[in-house]
Number of protein chains: 2
Amino acid sequence: MTDTTTYTEAEERIFEAALQAFARKGKDGARMQEIADAAQINKAMLHYYFRSKDKLYAAVFAYVFQRFFAGIGAAVEEAESFEAVLRTFITGYIDFLKDHQDVVRLMVNENLSGGEAVVQQVSTLKSADGNPVRALITRIAQATKTGEIRPVDPFQTALTVLSSCIFFFIVYPTMREMNPGVARDRDGFLEERKAHLIDLLVHGLHPRS
Amino acid sequence: MTDTTTYTEAEERIFEAALQAFARKGKDGARMQEIADAAQINKAMLHYYFRSKDKLYAAVFAYVFQRFFAGIGAAVEEAESFEAVLRTFITGYIDFLKDHQDVVRLMVNENLSGGEAVVQQVSTLKSADGNPVRALITRIAQATKTGEIRPVDPFQTALTVLSSCIFFFIVYPTMREMNPGVARDRDGFLEERKAHLIDLLVHGLHPRS
DNA sequence: GTCTATATCTCGATAGAC
DNA sequence: GTCTATCGAGATATAGAC
């Protein structure tokens, strides 16, 4: 189930509709009928194309999982100084998340309900040796050895960076309610967020006497 | 629906069972039957006590919402230096989250499905003037003015601190899969996490020339 | 207050005509 | 490939005996 999988026009619409439904209501909460409606297709055709709800979910999740980590990978590649890595990563990943919010929601939903689908997908990353999280961790470890940054735990640091970028999109409804300014100028807030995170992490990781 | 609400013994059991079910499978995915079973009660009694699934969910969410922010509040109070605030908050809040993982899951689930229940609850915090997130933000703003820390955006900083503490618990299944060491010694990992976050943030916020 | 039995509805899935 | 009609499982909710 790689990225090379191709779909017909109808299947594409189903896919997008299913992603949106599963992301908002989870695997159990989503309804085949609403997916069919959103895809402008008959409900019977949904089963004709994807056999069952489980199979549809599995296909959508596999797609989302690859996307989620591809977004990370694209941001780590090709950067010289570690500060440039940090800058590129934070900017690139927040932009990616902004454009793929359903991807985040589905990933989180899957984790909340146990994450059984995650298990199989993780092995995909390992075997391909293209795990972008590991790439980020390795890059951090490298920078601690060269003295480019303070001696920090690479795994913890990577987790902190990811947390700080992703969490906002998860709790956006609460954020919006507590600080209406966030909703009034969402893009502006996200630009501020990038700057804040780069500033905080560069200072937090900078070597000291 | 304040904390002063009292419940009978049976209602307490229902409450705990419902929290667990809603947290793992969401409002739609959770089943009244499984809640009844877990509460060691007849399914009809569930409706006798709480009328409907919607009302049960509303009651559980209100309880969880208060708990979630009370956990933040308890950690901000009574600390002298800002570094002490940071230390107390991170230690206290991670410990709180560790002991109330279903609270996190339910909060996130609600946000993923639109967060309609959040709207009413936020007004509760505002009117009571006991919004602990605002307290944290105020404390950060204060520290920037006295020069105790660098001039940073208080809202962004508070969001970063919360993100870094909470996110791990949301994506734990994925973490465990990518780094089995996390599952082998969970408590140890969380102690490391506290130390890492305190270290990173203290350095990141420390005033510089 | 407690439980059994059941009404009512909704969902996933399929049969079968076209 | 496409659609209508429907089956059967399982869900919420309630009626009514005790």
# chains A, B, ... in the order shown; residues from 1 in each chain; ligands from 1
$ residues_around --residues "segment 7-16 of chain D" --least-positions-apart "4" --cutoff "10 Å" --atoms "only C-alpha atoms (C1' of nucleotides)" --output "PyMOL selection string"
(chain B and resi 31-33+44+47+51-53) or (chain C and resi 4-15)
$ residues_around --residues "segment 195-199 of chain B" --least-positions-apart "5" --cutoff "7 Å" --atoms "only C-alpha atoms (C1' of nucleotides)" --output "ChimeraX atom specification"
/A:156 /B:86-87
$ write_last_selection --atoms "N, CA and C atoms" --output "compact mmCIF listing (two decimals), in the first residue's frame"
# COMPACT_ATOMS: atom_id res chain seq x y z
N GLN A 156 13.87 13.18 23.21
CA GLN A 156 13.03 14.13 23.94
C GLN A 156 12.92 15.44 23.17
N LEU B 86 7.93 27.37 36.52
CA LEU B 86 8.12 26.44 35.41
C LEU B 86 8.34 25.01 35.92
N ARG B 87 9.23 24.90 36.90
CA ARG B 87 9.56 23.60 37.48
C ARG B 87 8.33 22.95 38.11
$ closest_atom_pairs --of "chain B" --to "chain A" --cutoff "6 Å" --atoms "only C-alpha atoms" --output "Markdown table"
| residue | atom | partner | partner_atom | distance |
| --- | --- | --- | --- | --- |
| B:Arg24 | CA | A:Ser113 | CA | 5.1 |
| B:Lys25 | CA | A:Ser113 | CA | 5.8 |
| B:Asp28 | CA | A:Gly29 | CA | 5.0 |
| B:Gly29 | CA | A:Asp28 | CA | 5.1 |
| B:Asn111 | CA | A:Val171 | CA | 5.6 |
| B:Leu112 | CA | A:Arg24 | CA | 5.6 |
| B:Ser113 | CA | A:Arg24 | CA | 4.9 |
| B:Gly115 | CA | A:Pro173 | CA | 5.6 |
| B:Thr160 | CA | A:Ser164 | CA | 5.4 |
| B:Ser163 | CA | A:Ser164 | CA | 5.4 |
| B:Ser164 | CA | A:Thr160 | CA | 5.4 |
| B:Phe167 | CA | A:Ser163 | CA | 5.5 |
| B:Val171 | CA | A:Asn111 | CA | 5.6 |
| B:Pro173 | CA | A:Gly115 | CA | 5.6 |
| B:Leu200 | CA | A:Gly204 | CA | 5.1 |
| B:His203 | CA | A:Gly204 | CA | 4.6 |
| B:Gly204 | CA | A:Gly204 | CA | 3.4 |
$ residues_around --residues "DA17 of chain C" --least-positions-apart "2" --cutoff "12 Å" --atoms "only C-alpha atoms (C1' of nucleotides)" --output "tab-separated table (two decimals) with N, CA, C and O atoms (P, O5', C5', C4', C3', O3' and C1' of nucleotides), in the first residue's frame"
chain	number	residue	atom	x	y	z
C	15	DA	P	-25.23	-11.32	-1.70
C	15	DA	O5'	-26.71	-11.68	-2.16
C	15	DA	C5'	-27.82	-11.46	-1.27
C	15	DA	C4'	-29.06	-11.06	-2.07
C	15	DA	C3'	-29.11	-11.61	-3.49
C	15	DA	O3'	-30.45	-11.99	-3.78
C	15	DA	C1'	-29.21	-9.25	-3.56
D	2	DT	P	-20.09	3.65	-11.92
D	2	DT	O5'	-21.63	3.41	-11.63
D	2	DT	C5'	-22.59	3.82	-12.60
D	2	DT	C4'	-23.99	3.47	-12.14
D	2	DT	C3'	-24.35	3.97	-10.73
D	2	DT	O3'	-25.33	5.00	-10.87
D	2	DT	C1'	-25.14	1.76	-11.11
D	3	DC	P	-25.82	5.82	-9.60
D	3	DC	O5'	-27.08	4.99	-9.10
D	3	DC	C5'	-28.31	5.10	-9.83
D	3	DC	C4'	-29.27	4.02	-9.35
D	3	DC	C3'	-29.79	4.23	-7.93
D	3	DC	O3'	-31.12	4.72	-7.99
D	3	DC	C1'	-29.22	1.93	-8.39
D	4	DT	P	-31.85	5.04	-6.62
D	4	DT	O5'	-32.72	3.72	-6.37
D	4	DT	C5'	-33.46	3.14	-7.43
D	4	DT	C4'	-34.25	1.94	-6.90
D	4	DT	C3'	-34.94	2.16	-5.56
D	4	DT	O3'	-36.22	1.51	-5.59
D	4	DT	C1'	-33.40	0.37	-5.36
D	5	DA	P	-37.21	1.64	-4.36
D	5	DA	O5'	-37.10	0.21	-3.67
D	5	DA	C5'	-36.95	-0.96	-4.48
D	5	DA	C4'	-36.62	-2.14	-3.58
D	5	DA	C3'	-37.28	-2.08	-2.19
D	5	DA	O3'	-37.88	-3.33	-1.89
D	5	DA	C1'	-34.93	-2.33	-1.96
$ closest_residue --among "B:Leu136, B:Ala62, B:Ala18, B:Met45" --to "chain D" --atoms "only C-alpha atoms (C1' of nucleotides)"
B:Met45
$ atom_distance --atom1 "atom CA of Gln20 of chain A" --atom2 "atom CA of Phe22 of chain B"
20.7 Å
$ closest_atom_pairs --of "chain B" --to "chain C" --cutoff "12 Å" --atoms "only C-alpha atoms (C1' of nucleotides)" --output "tab-separated table"
residue	atom	partner	partner_atom	distance
B:Ala10	CA	C:DG1	C1'	11.6
B:Ile41	CA	C:DT2	C1'	9.6
B:Asn42	CA	C:DC3	C1'	7.3
B:Lys43	CA	C:DC3	C1'	9.3
B:Ala44	CA	C:DC3	C1'	7.9
B:Met45	CA	C:DT2	C1'	7.6
B:Leu46	CA	C:DT2	C1'	11.3
B:Tyr48	CA	C:DG1	C1'	9.2
B:Tyr49	CA	C:DG1	C1'	10.4
$ residues_around --residues "segment 65-79 of chain B" --least-positions-apart "3" --cutoff "7 Å" --atoms "only C-alpha atoms (C1' of nucleotides)" --output "PDB file with C-alpha atoms, in the first residue's frame"
ATOM      1  CA  PHE B  61     -17.457  16.263  29.777  1.00  0.00           C
ATOM      2  CA  ALA B  62     -18.258  19.064  32.207  1.00  0.00           C
ATOM      3  CA  ALA B  84      10.178  27.720  40.224  1.00  0.00           C
ATOM      4  CA  VAL B  85       6.857  28.272  38.462  1.00  0.00           C
ATOM      5  CA  THR B  88       6.443  23.209  39.589  1.00  0.00           C
ATOM      6  CA  PHE B  89       4.127  23.418  36.629  1.00  0.00           C
ATOM      7  CA  GLY B  92       2.901  18.777  38.637  1.00  0.00           C
ATOM      8  CA  TYR B  93       1.065  18.761  35.340  1.00  0.00           C
ATOM      9  CA  PHE B  96      -1.516  14.919  36.850  1.00  0.00           C
ATOM     10  CA  VAL B 103      -9.275  13.160  30.922  1.00  0.00           C
ATOM     11  CA  PRO B 132      -5.761  28.752  35.079  1.00  0.00           C
ATOM     12  CA  LEU B 136      -0.190  31.028  33.559  1.00  0.00           C
TER      13      LEU B 136
END
